[in-house]
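A.B. asks: Data: model.pdb, PDB, C-alpha atoms and all ligand atoms.
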MODEL        1
ATOM      1  CA  MET A   1       0.000   0.000   0.000
ATOM      2  CA  LYS A   2       1.376   3.346  -0.907
ATOM      3  CA  SER A   3       1.055   6.414   1.226
ATOM      4  CA  PRO A   4      -0.273   9.352  -0.784
ATOM      5  CA  GLY A   5       0.823  12.889  -0.067
ATOM      6  CA  VAL A   6       3.789  14.378   1.755
ATOM      7  CA  ILE A   7       5.392  12.080   4.340
ATOM      8  CA  TYR A   8       5.145  13.623   7.796
ATOM      9  CA  VAL A   9       8.419  12.388   9.342
ATOM     10  CA  THR A  10      11.405  12.737   7.033
ATOM     11  CA  ALA A  11      14.384  12.644   9.420
ATOM     12  CA  CYS A  12      15.271  10.870  12.659
ATOM     13  CA  PRO A  13      13.430  12.799  15.435
ATOM     14  CA  VAL A  14      16.243  12.024  17.868
ATOM     15  CA  GLY A  15      18.564  14.254  15.843
ATOM     16  CA  CYS A  16      20.656  11.692  13.937
ATOM     17  CA  THR A  17      21.748  12.816  10.485
ATOM     18  CA  THR A  18      21.942   9.335   8.949
ATOM     19  CA  ALA A  19      19.429   8.318   6.290
ATOM     20  CA  LEU A  20      16.285   6.351   7.095
ATOM     21  CA  THR A  21      16.023   2.883   5.576
ATOM     22  CA  ASP A  22      12.931   0.759   4.906
ATOM     23  CA  THR A  23      12.120  -2.123   7.256
ATOM     24  CA  ALA A  24      10.001  -5.163   6.314
ATOM     25  CA  LEU A  25       7.197  -3.948   8.610
ATOM     26  CA  GLN A  26       4.219  -3.046   6.446
ATOM     27  CA  LEU A  27       1.657  -0.789   8.095
ATOM     28  CA  ARG A  28      -1.485   0.648   6.553
ATOM     29  CA  GLU A  29       0.437   3.924   6.075
ATOM     30  CA  GLY A  30       3.338   2.210   4.264
ATOM     31  CA  LEU A  31       6.589   0.558   5.343
ATOM     32  CA  LEU A  32       8.033   1.541   8.702
ATOM     33  CA  ARG A  33      11.480   3.102   8.290
ATOM     34  CA  ARG A  34      14.443   2.816  10.656
ATOM     35  CA  CYS A  35      17.239   5.192  11.618
ATOM     36  CA  SER A  36      20.385   3.144  11.024
ATOM     37  CA  SER A  37      22.188   5.082  13.738
ATOM     38  CA  CYS A  38      19.857   4.820  16.787
ATOM     39  CA  GLY A  39      17.261   2.253  15.647
ATOM     40  CA  GLN A  40      14.305   4.672  15.923
ATOM     41  CA  LEU A  41      11.333   3.425  13.842
ATOM     42  CA  LEU A  42       9.351   5.984  11.849
ATOM     43  CA  SER A  43       5.923   5.856  10.254
ATOM     44  CA  SER A  44       5.502   6.635   6.552
ATOM     45  CA  ALA A  45       2.168   8.347   7.232
ATOM     46  CA  SER A  46       1.352  11.437   5.211
ATOM     47  CA  GLU A  47       0.750  14.776   6.903
ATOM     48  CA  ALA A  48      -2.948  14.416   6.047
ATOM     49  CA  ARG A  49      -3.188  10.982   7.700
ATOM     50  CA  TYR A  50      -1.331  12.292  10.744
ATOM     51  CA  SER A  51      -3.744  15.230  11.188
ATOM     52  CA  GLU A  52      -6.779  13.014  10.600
ATOM     53  CA  THR A  53      -5.780  10.514  13.317
ATOM     54  CA  MET A  54      -4.744  13.249  15.779
ATOM     55  CA  ALA A  55      -8.308  14.617  15.703
ATOM     56  CA  GLN A  56      -9.486  11.918  18.184
ATOM     57  CA  PHE A  57      -7.661  13.756  20.979
ATOM     58  CA  ASP A  58     -10.002  16.707  20.850
ATOM     59  CA  ASP A  59     -13.194  14.779  21.479
ATOM     60  CA  SER A  60     -14.379  15.816  24.935
ATOM     61  CA  ALA A  61     -15.292  12.171  25.670
ATOM     62  CA  PHE A  62     -11.749  10.964  24.855
ATOM     63  CA  ASN A  63      -9.771   9.146  27.531
ATOM     64  CA  VAL A  64     -12.547   8.936  30.098
ATOM     65  CA  THR A  65     -11.662   6.194  32.549
ATOM     66  CA  ILE A  66     -13.981   4.665  35.103
ATOM     67  CA  GLY A  67     -13.962   2.150  37.938
ATOM     68  CA  GLY A  68     -11.122  -0.392  37.985
ATOM     69  CA  ALA A  69      -9.221   1.222  35.110
ATOM     70  CA  GLN A  70      -9.172   4.535  36.982
ATOM     71  CA  ALA A  71      -8.009   2.832  40.191
ATOM     72  CA  ARG A  72      -5.135   1.131  38.326
ATOM     73  CA  ARG A  73      -4.186   4.402  36.665
ATOM     74  CA  ASP A  74      -4.164   6.192  40.038
ATOM     75  CA  ALA A  75      -1.951   3.466  41.541
ATOM     76  CA  VAL A  76       0.536   3.886  38.666
ATOM     77  CA  ALA A  77       0.448   7.679  39.146
ATOM     78  CA  ARG A  78       1.152   7.376  42.897
ATOM     79  CA  LYS A  79       4.137   5.120  42.228
ATOM     80  CA  ARG A  80       5.591   7.609  39.726
ATOM     81  CA  LEU A  81       4.983  10.550  42.064
ATOM     82  CA  THR A  82       6.698   8.763  44.942
ATOM     83  CA  ARG A  83       9.761   8.192  42.800
ATOM     84  CA  ILE A  84       9.808  11.789  41.539
ATOM     85  CA  ALA A  85       9.857  13.005  45.157
ATOM     86  CA  ALA A  86      12.609  10.501  46.037
ATOM     87  CA  LEU A  87      14.781  11.562  43.070
ATOM     88  CA  LEU A  88      14.348  15.225  43.988
ATOM     89  CA  GLY A  89      14.918  14.560  47.696
ATOM     90  CA  LYS A  90      11.964  16.823  48.486
ATOM     91  CA  ILE A  91       8.575  16.447  50.110
ATOM     92  CA  PRO A  92       5.555  16.778  47.772
ATOM     93  CA  ARG A  93       4.547  20.175  49.203
ATOM     94  CA  ASP A  94       7.867  21.642  47.988
ATOM     95  CA  ILE A  95       7.584  20.189  44.476
ATOM     96  CA  ARG A  96       6.072  22.184  41.616
ATOM     97  CA  LEU A  97       5.168  19.824  38.805
ATOM     98  CA  CYS A  98       3.650  20.250  35.352
ATOM     99  CA  ASP A  99       2.188  17.398  33.302
ATOM    100  CA  VAL A 100       2.727  18.368  29.656
ATOM    101  CA  GLY A 101       0.087  16.887  27.338
ATOM    102  CA  CYS A 102      -2.012  16.153  30.428
ATOM    103  CA  SER A 103      -5.215  15.158  28.581
ATOM    104  CA  ARG A 104      -8.113  15.241  31.095
ATOM    105  CA  GLY A 105      -5.677  15.868  33.935
ATOM    106  CA  GLN A 106      -5.806  12.512  35.717
ATOM    107  CA  PHE A 107      -2.112  12.672  36.642
ATOM    108  CA  VAL A 108      -2.463  16.306  37.759
ATOM    109  CA  ALA A 109      -5.365  15.267  40.003
ATOM    110  CA  ALA A 110      -3.336  12.394  41.480
ATOM    111  CA  ALA A 111      -0.403  14.741  42.128
ATOM    112  CA  ILE A 112      -2.608  17.325  43.843
ATOM    113  CA  ALA A 113      -4.180  14.563  45.939
ATOM    114  CA  GLY A 114      -0.642  13.524  46.904
ATOM    115  CA  GLY A 115       0.181  17.028  48.135
ATOM    116  CA  PHE A 116       2.198  18.226  45.123
ATOM    117  CA  SER A 117       1.804  21.691  43.663
ATOM    118  CA  ALA A 118       0.703  20.438  40.248
ATOM    119  CA  GLU A 119      -0.697  21.812  37.019
ATOM    120  CA  GLY A 120      -1.069  20.706  33.423
ATOM    121  CA  VAL A 121      -0.808  21.878  29.827
ATOM    122  CA  GLU A 122      -2.899  20.296  27.055
ATOM    123  CA  PRO A 123      -3.007  21.328  23.378
ATOM    124  CA  ALA A 124      -6.477  19.877  22.611
ATOM    125  CA  PRO A 125      -8.870  22.691  23.644
ATOM    126  CA  GLN A 126     -11.947  20.601  24.448
ATOM    127  CA  ILE A 127      -9.993  18.157  26.611
ATOM    128  CA  ALA A 128      -8.222  21.005  28.418
ATOM    129  CA  GLN A 129     -11.634  22.574  29.064
ATOM    130  CA  ALA A 130     -12.956  19.247  30.401
ATOM    131  CA  ALA A 131     -10.018  19.197  32.844
ATOM    132  CA  ARG A 132     -10.765  22.753  33.981
ATOM    133  CA  ASP A 133     -14.463  21.860  34.330
ATOM    134  CA  ALA A 134     -13.310  19.160  36.739
ATOM    135  CA  GLY A 135     -11.600  21.871  38.785
ATOM    136  CA  LEU A 136      -8.023  21.197  37.662
ATOM    137  CA  PRO A 137      -5.417  23.891  36.879
ATOM    138  CA  VAL A 138      -4.891  23.048  33.207
ATOM    139  CA  ARG A 139      -3.849  25.509  30.510
ATOM    140  CA  THR A 140      -4.670  25.107  26.820
ATOM    141  CA  GLY A 141      -1.827  24.969  24.318
ATOM    142  CA  LEU A 142       1.722  23.763  23.922
ATOM    143  CA  LEU A 143       4.279  24.144  26.703
ATOM    144  CA  GLU A 144       6.125  26.533  24.381
ATOM    145  CA  ASP A 145       3.033  28.830  24.303
ATOM    146  CA  GLN A 146       2.843  29.331  28.073
ATOM    147  CA  GLN A 147       5.849  31.608  28.624
ATOM    148  CA  TYR A 148       6.747  30.133  31.968
ATOM    149  CA  ALA A 149       9.762  31.781  33.592
ATOM    150  CA  ASP A 150      13.129  29.996  33.520
ATOM    151  CA  ALA A 151      13.505  27.354  36.275
ATOM    152  CA  SER A 152       9.798  27.337  37.179
ATOM    153  CA  PHE A 153       9.419  23.618  37.881
ATOM    154  CA  ASP A 154      10.995  20.841  39.930
ATOM    155  CA  ALA A 155       9.487  18.144  37.735
ATOM    156  CA  LEU A 156       7.875  17.779  34.314
ATOM    157  CA  THR A 157       6.123  14.745  32.910
ATOM    158  CA  LEU A 158       5.538  13.845  29.251
ATOM    159  CA  PHE A 159       3.273  10.800  29.156
ATOM    160  CA  GLU A 160       2.659   9.313  25.690
ATOM    161  CA  VAL A 161       3.675  12.528  23.941
ATOM    162  CA  VAL A 162       7.038  12.027  22.199
ATOM    163  CA  GLU A 163       5.775   9.273  19.863
ATOM    164  CA  HIS A 164       3.489  11.909  18.278
ATOM    165  CA  LEU A 165       6.249  14.397  17.447
ATOM    166  CA  ARG A 166       8.328  14.573  14.292
ATOM    167  CA  SER A 167      10.852  16.712  16.160
ATOM    168  CA  PRO A 168      10.745  16.481  19.956
ATOM    169  CA  LEU A 169      13.971  18.468  20.471
ATOM    170  CA  PRO A 170      12.342  21.962  20.614
ATOM    171  CA  LEU A 171       9.892  20.688  23.256
ATOM    172  CA  LEU A 172      12.719  19.112  25.264
ATOM    173  CA  ALA A 173      14.699  22.351  25.034
ATOM    174  CA  GLU A 174      11.705  24.206  26.497
ATOM    175  CA  CYS A 175      11.398  21.538  29.228
ATOM    176  CA  ARG A 176      15.056  22.085  30.079
ATOM    177  CA  ARG A 177      14.578  25.857  30.219
ATOM    178  CA  VAL A 178      11.571  25.804  32.564
ATOM    179  CA  LEU A 179      13.041  23.084  34.827
ATOM    180  CA  LYS A 180      15.163  24.034  37.812
ATOM    181  CA  PRO A 181      18.767  22.781  37.751
ATOM    182  CA  GLY A 182      18.639  19.205  39.058
ATOM    183  CA  GLY A 183      14.954  18.963  38.052
ATOM    184  CA  ILE A 184      13.400  15.743  36.798
ATOM    185  CA  LEU A 185      11.830  15.077  33.390
ATOM    186  CA  LEU A 186       9.856  11.839  33.206
ATOM    187  CA  ILE A 187       8.965  10.536  29.726
ATOM    188  CA  SER A 188       6.757   7.540  28.976
ATOM    189  CA  THR A 189       6.406   5.932  25.550
ATOM    190  CA  GLY A 190       6.321   2.497  23.915
ATOM    191  CA  ASN A 191       9.482   0.428  23.455
ATOM    192  CA  ALA A 192       9.970  -0.610  19.820
ATOM    193  CA  ALA A 193      12.820  -2.926  20.926
ATOM    194  CA  SER A 194      10.428  -4.864  23.190
ATOM    195  CA  TRP A 195       9.683  -8.580  22.996
ATOM    196  CA  THR A 196       6.058  -7.566  22.377
ATOM    197  CA  ALA A 197       7.038  -5.548  19.285
ATOM    198  CA  ALA A 198       9.324  -8.368  18.102
ATOM    199  CA  ALA A 199       6.564 -10.985  18.477
ATOM    200  CA  MET A 200       3.700  -8.927  17.040
ATOM    201  CA  GLY A 201       5.677  -7.248  14.247
ATOM    202  CA  ALA A 202       3.516  -4.937  12.143
ATOM    203  CA  HIS A 203       0.511  -5.981  14.269
ATOM    204  CA  TRP A 204       1.816  -4.373  17.459
ATOM    205  CA  ASP A 205      -1.141  -2.197  18.475
ATOM    206  CA  TYR A 206       1.185   0.698  19.322
ATOM    207  CA  PHE A 207       1.943   1.025  15.585
ATOM    208  CA  ASP A 208      -1.780   1.284  14.762
ATOM    209  CA  MET A 209      -2.627   4.911  13.975
ATOM    210  CA  ALA A 210      -6.318   4.112  13.734
ATOM    211  CA  ARG A 211      -6.214   2.973  17.377
ATOM    212  CA  ASP A 212      -3.524   5.312  18.735
ATOM    213  CA  GLY A 213      -3.891   8.506  16.727
ATOM    214  CA  GLY A 214      -0.728  10.222  15.585
ATOM    215  CA  HIS A 215       1.809   7.559  16.585
ATOM    216  CA  VAL A 216       4.636   8.211  14.111
ATOM    217  CA  SER A 217       7.913   7.823  16.043
ATOM    218  CA  PHE A 218       8.883   4.686  17.942
ATOM    219  CA  PHE A 219      11.665   4.764  20.502
ATOM    220  CA  ASN A 220      13.936   2.114  21.991
ATOM    221  CA  PRO A 221      16.094   2.554  25.121
ATOM    222  CA  ARG A 222      19.134   3.486  23.001
ATOM    223  CA  SER A 223      17.360   6.141  20.922
ATOM    224  CA  MET A 224      15.732   7.521  24.091
ATOM    225  CA  ALA A 225      19.146   7.859  25.756
ATOM    226  CA  ARG A 226      20.452   9.629  22.670
ATOM    227  CA  LEU A 227      17.454  12.001  22.606
ATOM    228  CA  ALA A 228      18.124  12.821  26.264
ATOM    229  CA  ALA A 229      21.802  13.519  25.573
ATOM    230  CA  ASN A 230      21.011  15.660  22.502
ATOM    231  CA  ALA A 231      18.569  17.706  24.611
ATOM    232  CA  GLY A 232      21.082  18.238  27.430
ATOM    233  CA  PHE A 233      19.615  15.857  30.010
ATOM    234  CA  SER A 234      21.386  13.177  31.984
ATOM    235  CA  VAL A 235      19.738   9.750  32.223
ATOM    236  CA  GLU A 236      18.894   8.595  35.756
ATOM    237  CA  ARG A 237      17.465   5.359  34.398
ATOM    238  CA  ILE A 238      15.366   3.951  31.573
ATOM    239  CA  ASP A 239      12.951   1.262  32.734
ATOM    240  CA  THR A 240      10.801  -1.002  30.607
ATOM    241  CA  ALA A 241       7.968  -3.270  31.710
ATOM    242  CA  ARG A 242       5.320  -5.713  30.444
ATOM    243  CA  VAL A 243       5.138  -8.290  27.694
ATOM    244  CA  LYS A 244       2.178  -9.168  25.455
ATOM    245  CA  PHE A 245       1.995 -11.546  22.496
ATOM    246  CA  HIS A 246      -1.582 -11.326  21.234
ATOM    247  CA  ASP A 247      -4.554  -9.030  21.117
ATOM    248  CA  ARG A 248      -7.585 -10.510  22.832
ATOM    249  CA  GLU A 249      -9.907  -9.470  19.978
ATOM    250  CA  ASN A 250      -8.011 -11.094  17.099
ATOM    251  CA  THR A 251      -6.822 -14.340  18.682
ATOM    252  CA  PRO A 252      -8.463 -17.753  19.311
ATOM    253  CA  ARG A 253      -9.151 -18.054  23.044
ATOM    254  CA  TRP A 254      -6.730 -20.980  23.732
ATOM    255  CA  ARG A 255      -3.932 -19.221  21.936
ATOM    256  CA  TYR A 256      -4.571 -15.972  23.747
ATOM    257  CA  ALA A 257      -4.541 -17.820  27.096
ATOM    258  CA  ALA A 258      -1.251 -19.611  26.293
ATOM    259  CA  GLY A 259       0.326 -16.389  25.088
ATOM    260  CA  LYS A 260      -0.800 -14.602  28.228
ATOM    261  CA  LEU A 261       0.792 -17.254  30.484
ATOM    262  CA  LEU A 262       4.080 -17.037  28.589
ATOM    263  CA  ALA A 263       3.954 -13.238  28.626
ATOM    264  CA  GLU A 264       3.402 -13.204  32.387
ATOM    265  CA  ALA A 265       6.380 -15.519  32.888
ATOM    266  CA  LEU A 266       8.506 -13.118  30.827
ATOM    267  CA  ASN A 267       7.449  -9.938  32.660
ATOM    268  CA  LEU A 268      10.338 -10.027  35.101
ATOM    269  CA  PRO A 269      13.101 -11.018  32.636
ATOM    270  CA  ALA A 270      11.814  -8.293  30.281
ATOM    271  CA  ARG A 271      12.407  -5.680  32.983
ATOM    272  CA  PHE A 272      15.991  -6.826  33.440
ATOM    273  CA  ALA A 273      16.671  -7.070  29.709
ATOM    274  CA  GLY A 274      15.072  -3.701  28.798
ATOM    275  CA  ARG A 275      12.571  -5.570  26.583
ATOM    276  CA  GLY A 276       9.221  -4.606  28.159
ATOM    277  CA  HIS A 277       6.836  -2.658  25.906
ATOM    278  CA  ASP A 278       6.183   0.261  28.287
ATOM    279  CA  MET A 279       9.220   2.508  28.589
ATOM    280  CA  LEU A 280       9.800   5.097  31.316
ATOM    281  CA  ALA A 281      12.783   7.419  30.959
ATOM    282  CA  TRP A 282      13.854   9.265  34.141
ATOM    283  CA  LEU A 283      15.952  12.236  33.031
ATOM    284  CA  ARG A 284      17.555  15.057  34.967
ATOM    285  CA  LYS A 285      18.562  18.590  34.041
ATOM    286  CA  PRO A 286      22.201  18.813  35.167
ATOM    287  CA  ALA A 287      22.723  20.918  38.287
ATOM    288  CA  GLN A 288      25.256  23.141  36.521
TER     289      GLN A 288
HETATM  290 ZN    ZN A 301      18.406   8.163  15.004
ENDMDL
END
Give the structure from the file, written as structure tokens.
Ligand SMILES: [Zn+2]

C.D. replies:
Amino acid sequence: MKSPGVIYVTACPVGCTTALTDTALQLREGLLRRCSSCGQLLSSASEARYSETMAQFDDSAFNVTIGGAQARRDAVARKRLTRIAALLGKIPRDIRLCDVGCSRGQFVAAAIAGGFSAEGVEPAPQIAQAARDAGLPVRTGLLEDQQYADASFDALTLFEVVEHLRSPLPLLAECRRVLKPGGILLISTGNAASWTAAAMGAHWDYFDMARDGGHVSFFNPRSMARLAANAGFSVERIDTARVKFHDRENTPRWRYAAGKLLAEALNLPARFAGRGHDMLAWLRKPAQ
């Protein structure tokens, strides 16, 4: 299948100058390409396809979580907040945090509940409004639009943001500017070097733009470390977690069950090997 129109991502978003080469992974938008220097995988989606699939983020009903899913999300948020405080060596009350691309503000709410001084920035206007309607301090727009003073924040979080960007370096430069020296930047994204991605190939759901709008840039721990270095951050650690071999919807039940057992057995080794499909990069703005 050929991708009509201008290709959205034409160079390695990490900042490598080497050419992109085709992989054998055929997506609906065309072949995935790879940076031969850092291994970053890039979509061949056109600009039109990118814009079309990004539109889902401005539906005011997007990303509403309820019941058990919300409880799990809150537990994950608390764990991340605890580690942010530990890395900063501060108590929550003394930590000013901004969640960039905060969607409906669930992480902001969890941080406020945990005693942090927290706020959010969200480019999709309807979602940002929904967050404000829920009483959360969320601004509409890009971080770059907000004109925060230098060294405003102790911590910034970018959850599921960088995979949408053809050039994340300007955003990371702004993060560095508004962070205090020694401040923490936490980035979450998928891991294209995961066992899940290796097993599912082109069918990895993270590659599916119809499901995850605007996913065009797929990191691995090496390319993430290089992005951090190019943006002037030091790497505290890059963690990966979780393994999955099948989608429940498209797999016979016995096969799904067997795959799930194997995946669960591999959860721990995946963490040690850096092969889990959820990646968390803990970065720090150098003190000097
Ligand atoms: Zn690269």

A.B. asks: What's the 12 Å shell around Ser194 (chain A), counting only C-alpha atoms, without same-chain residues fewer than 6 positions away, as a PyMOL selection string?

C.D. replies: chain A and resi 200-201+204+206+218-221+239-245+263+266-267+269-279

A.B. asks: Enter the distance from atom ZN of ligand ZN 301 (chain A) to CA of Ser43 (chain A), in Å, rounded to one decimal.

C.D. replies: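 The value is 13.6 Å.
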
A.B. asks: Could you tell me how far CA of Ser188 (chain A) sits from CA of Val162 (chain A), in Å to one decimal place?

C.D. replies: 8.1 Å

A.B. asks: Name the residues that the PyMOL selection byres (((chain A and resi 128) around 8) and not hetatm) pulls out of this structure, and write them as a PyMOL selection string.

C.D. replies: chain A and resi 103-105+121-127+129-132+138-140

A.B. asks: Would you mind exporting C-alpha atoms of the selected residues as a short mmCIF file (atom, residue, chain, number, x, y, z; two decimals), in the frame of the given file?

C.D. replies:
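To be explicit, this is the file written out as part_37.cif:
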data_model
loop_
_atom_site.label_atom_id
_atom_site.label_comp_id
_atom_site.auth_asym_id
_atom_site.auth_seq_id
_atom_site.Cartn_x
_atom_site.Cartn_y
_atom_site.Cartn_z
CA SER A 103 -5.22 15.16 28.58
CA ARG A 104 -8.11 15.24 31.10
CA GLY A 105 -5.68 15.87 33.94
CA VAL A 121 -0.81 21.88 29.83
CA GLU A 122 -2.90 20.30 27.06
CA PRO A 123 -3.01 21.33 23.38
CA ALA A 124 -6.48 19.88 22.61
CA PRO A 125 -8.87 22.69 23.64
CA GLN A 126 -11.95 20.60 24.45
CA ILE A 127 -9.99 18.16 26.61
CA GLN A 129 -11.63 22.57 29.06
CA ALA A 130 -12.96 19.25 30.40
CA ALA A 131 -10.02 19.20 32.84
CA ARG A 132 -10.76 22.75 33.98
CA VAL A 138 -4.89 23.05 33.21
CA ARG A 139 -3.85 25.51 30.51
CA THR A 140 -4.67 25.11 26.82
#

A.B. asks: Please write out the residues within 12 Å of ligand ZN 301 (chain A) as a ChimeraX atom specification, counting only C-alpha atoms and all ligand atoms.

C.D. replies: /A:10-21,33-42,166-167,217-227,230

A.B. asks: By how many Å are CA of Met54 (chain A) and CA of Ala210 (chain A) apart?

C.D. replies: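 Pair CA of Met54 (chain A) / CA of Ala210 (chain A) returns 9.5 Å.
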
A.B. asks: Translate the PyMOL selection byres (((chain A and resi 45) around 9) and not hetatm), as applied to the file shown, into an explicit residue set as a PDB file with C-alpha atoms, in the frame of the given file.

C.D. replies:
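Full text of selection18.pdb as output:
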ATOM      1  CA  SER A   3       1.055   6.414   1.226  1.00  0.00           C
ATOM      2  CA  PRO A   4      -0.273   9.352  -0.784  1.00  0.00           C
ATOM      3  CA  GLY A   5       0.823  12.889  -0.067  1.00  0.00           C
ATOM      4  CA  VAL A   6       3.789  14.378   1.755  1.00  0.00           C
ATOM      5  CA  ILE A   7       5.392  12.080   4.340  1.00  0.00           C
ATOM      6  CA  TYR A   8       5.145  13.623   7.796  1.00  0.00           C
ATOM      7  CA  VAL A   9       8.419  12.388   9.342  1.00  0.00           C
ATOM      8  CA  ARG A  28      -1.485   0.648   6.553  1.00  0.00           C
ATOM      9  CA  GLU A  29       0.437   3.924   6.075  1.00  0.00           C
ATOM     10  CA  GLY A  30       3.338   2.210   4.264  1.00  0.00           C
ATOM     11  CA  LEU A  42       9.351   5.984  11.849  1.00  0.00           C
ATOM     12  CA  SER A  43       5.923   5.856  10.254  1.00  0.00           C
ATOM     13  CA  SER A  44       5.502   6.635   6.552  1.00  0.00           C
ATOM     14  CA  SER A  46       1.352  11.437   5.211  1.00  0.00           C
ATOM     15  CA  GLU A  47       0.750  14.776   6.903  1.00  0.00           C
ATOM     16  CA  ALA A  48      -2.948  14.416   6.047  1.00  0.00           C
ATOM     17  CA  ARG A  49      -3.188  10.982   7.700  1.00  0.00           C
ATOM     18  CA  TYR A  50      -1.331  12.292  10.744  1.00  0.00           C
ATOM     19  CA  MET A 209      -2.627   4.911  13.975  1.00  0.00           C
ATOM     20  CA  VAL A 216       4.636   8.211  14.111  1.00  0.00           C
TER      21      VAL A 216
END

A.B. asks: Considering only C-alpha atoms, state which residue in the set A:Arg211, A:Arg78, A:Arg255, A:Lys285 is at the smallest distance from Leu185 (chain A).

C.D. replies: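 Going through A:Arg211, A:Arg78, A:Arg255, A:Lys285 one by one, the smallest distance to Leu185 (chain A) is for A:Lys285.
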
A.B. asks: Would you please work out which residue, of A:Ala155, A:Ala149, A:Ala109, A:Leu268, is nearest to Pro137 (chain A) when using all atoms listed in the file?

C.D. replies: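 Looking at the shortest contact to Pro137 (chain A), the residue is A:Ala109.
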
A.B. asks: Pick out the residues sitting within 12 Å of Lys180 (chain A), and hand them over as a list in words; count all atoms listed in the file, and ignore anything fewer than 4 positions along from it in its own chain.

C.D. replies: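 Using all atoms listed in the file, the neighbours found are Leu88, Ile95, Arg96, Leu97, Tyr148, Ala149, Asp150, Ala151, Ser152, Phe153, Asp154, Ala155, Leu156, Glu174, Cys175, Arg176, Ile184, Leu185, Arg284, Lys285, Pro286, Ala287 and Gln288 of chain A.
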
A.B. asks: Using only C-alpha atoms, which of the listed residues (A:Leu172, A:His164, A:Leu261, A:Arg248) sits closest to Ser51 (chain A)?

C.D. replies: A:His164

A.B. asks: Determine the nearest neighbour of Thr53 (chain A) from the options A:Arg237, A:Ser117, A:Ala198, A:Gly213, counting only C-alpha atoms.

C.D. replies: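 Comparing A:Arg237, A:Ser117, A:Ala198, A:Gly213 against Thr53 (chain A), the winner is A:Gly213.
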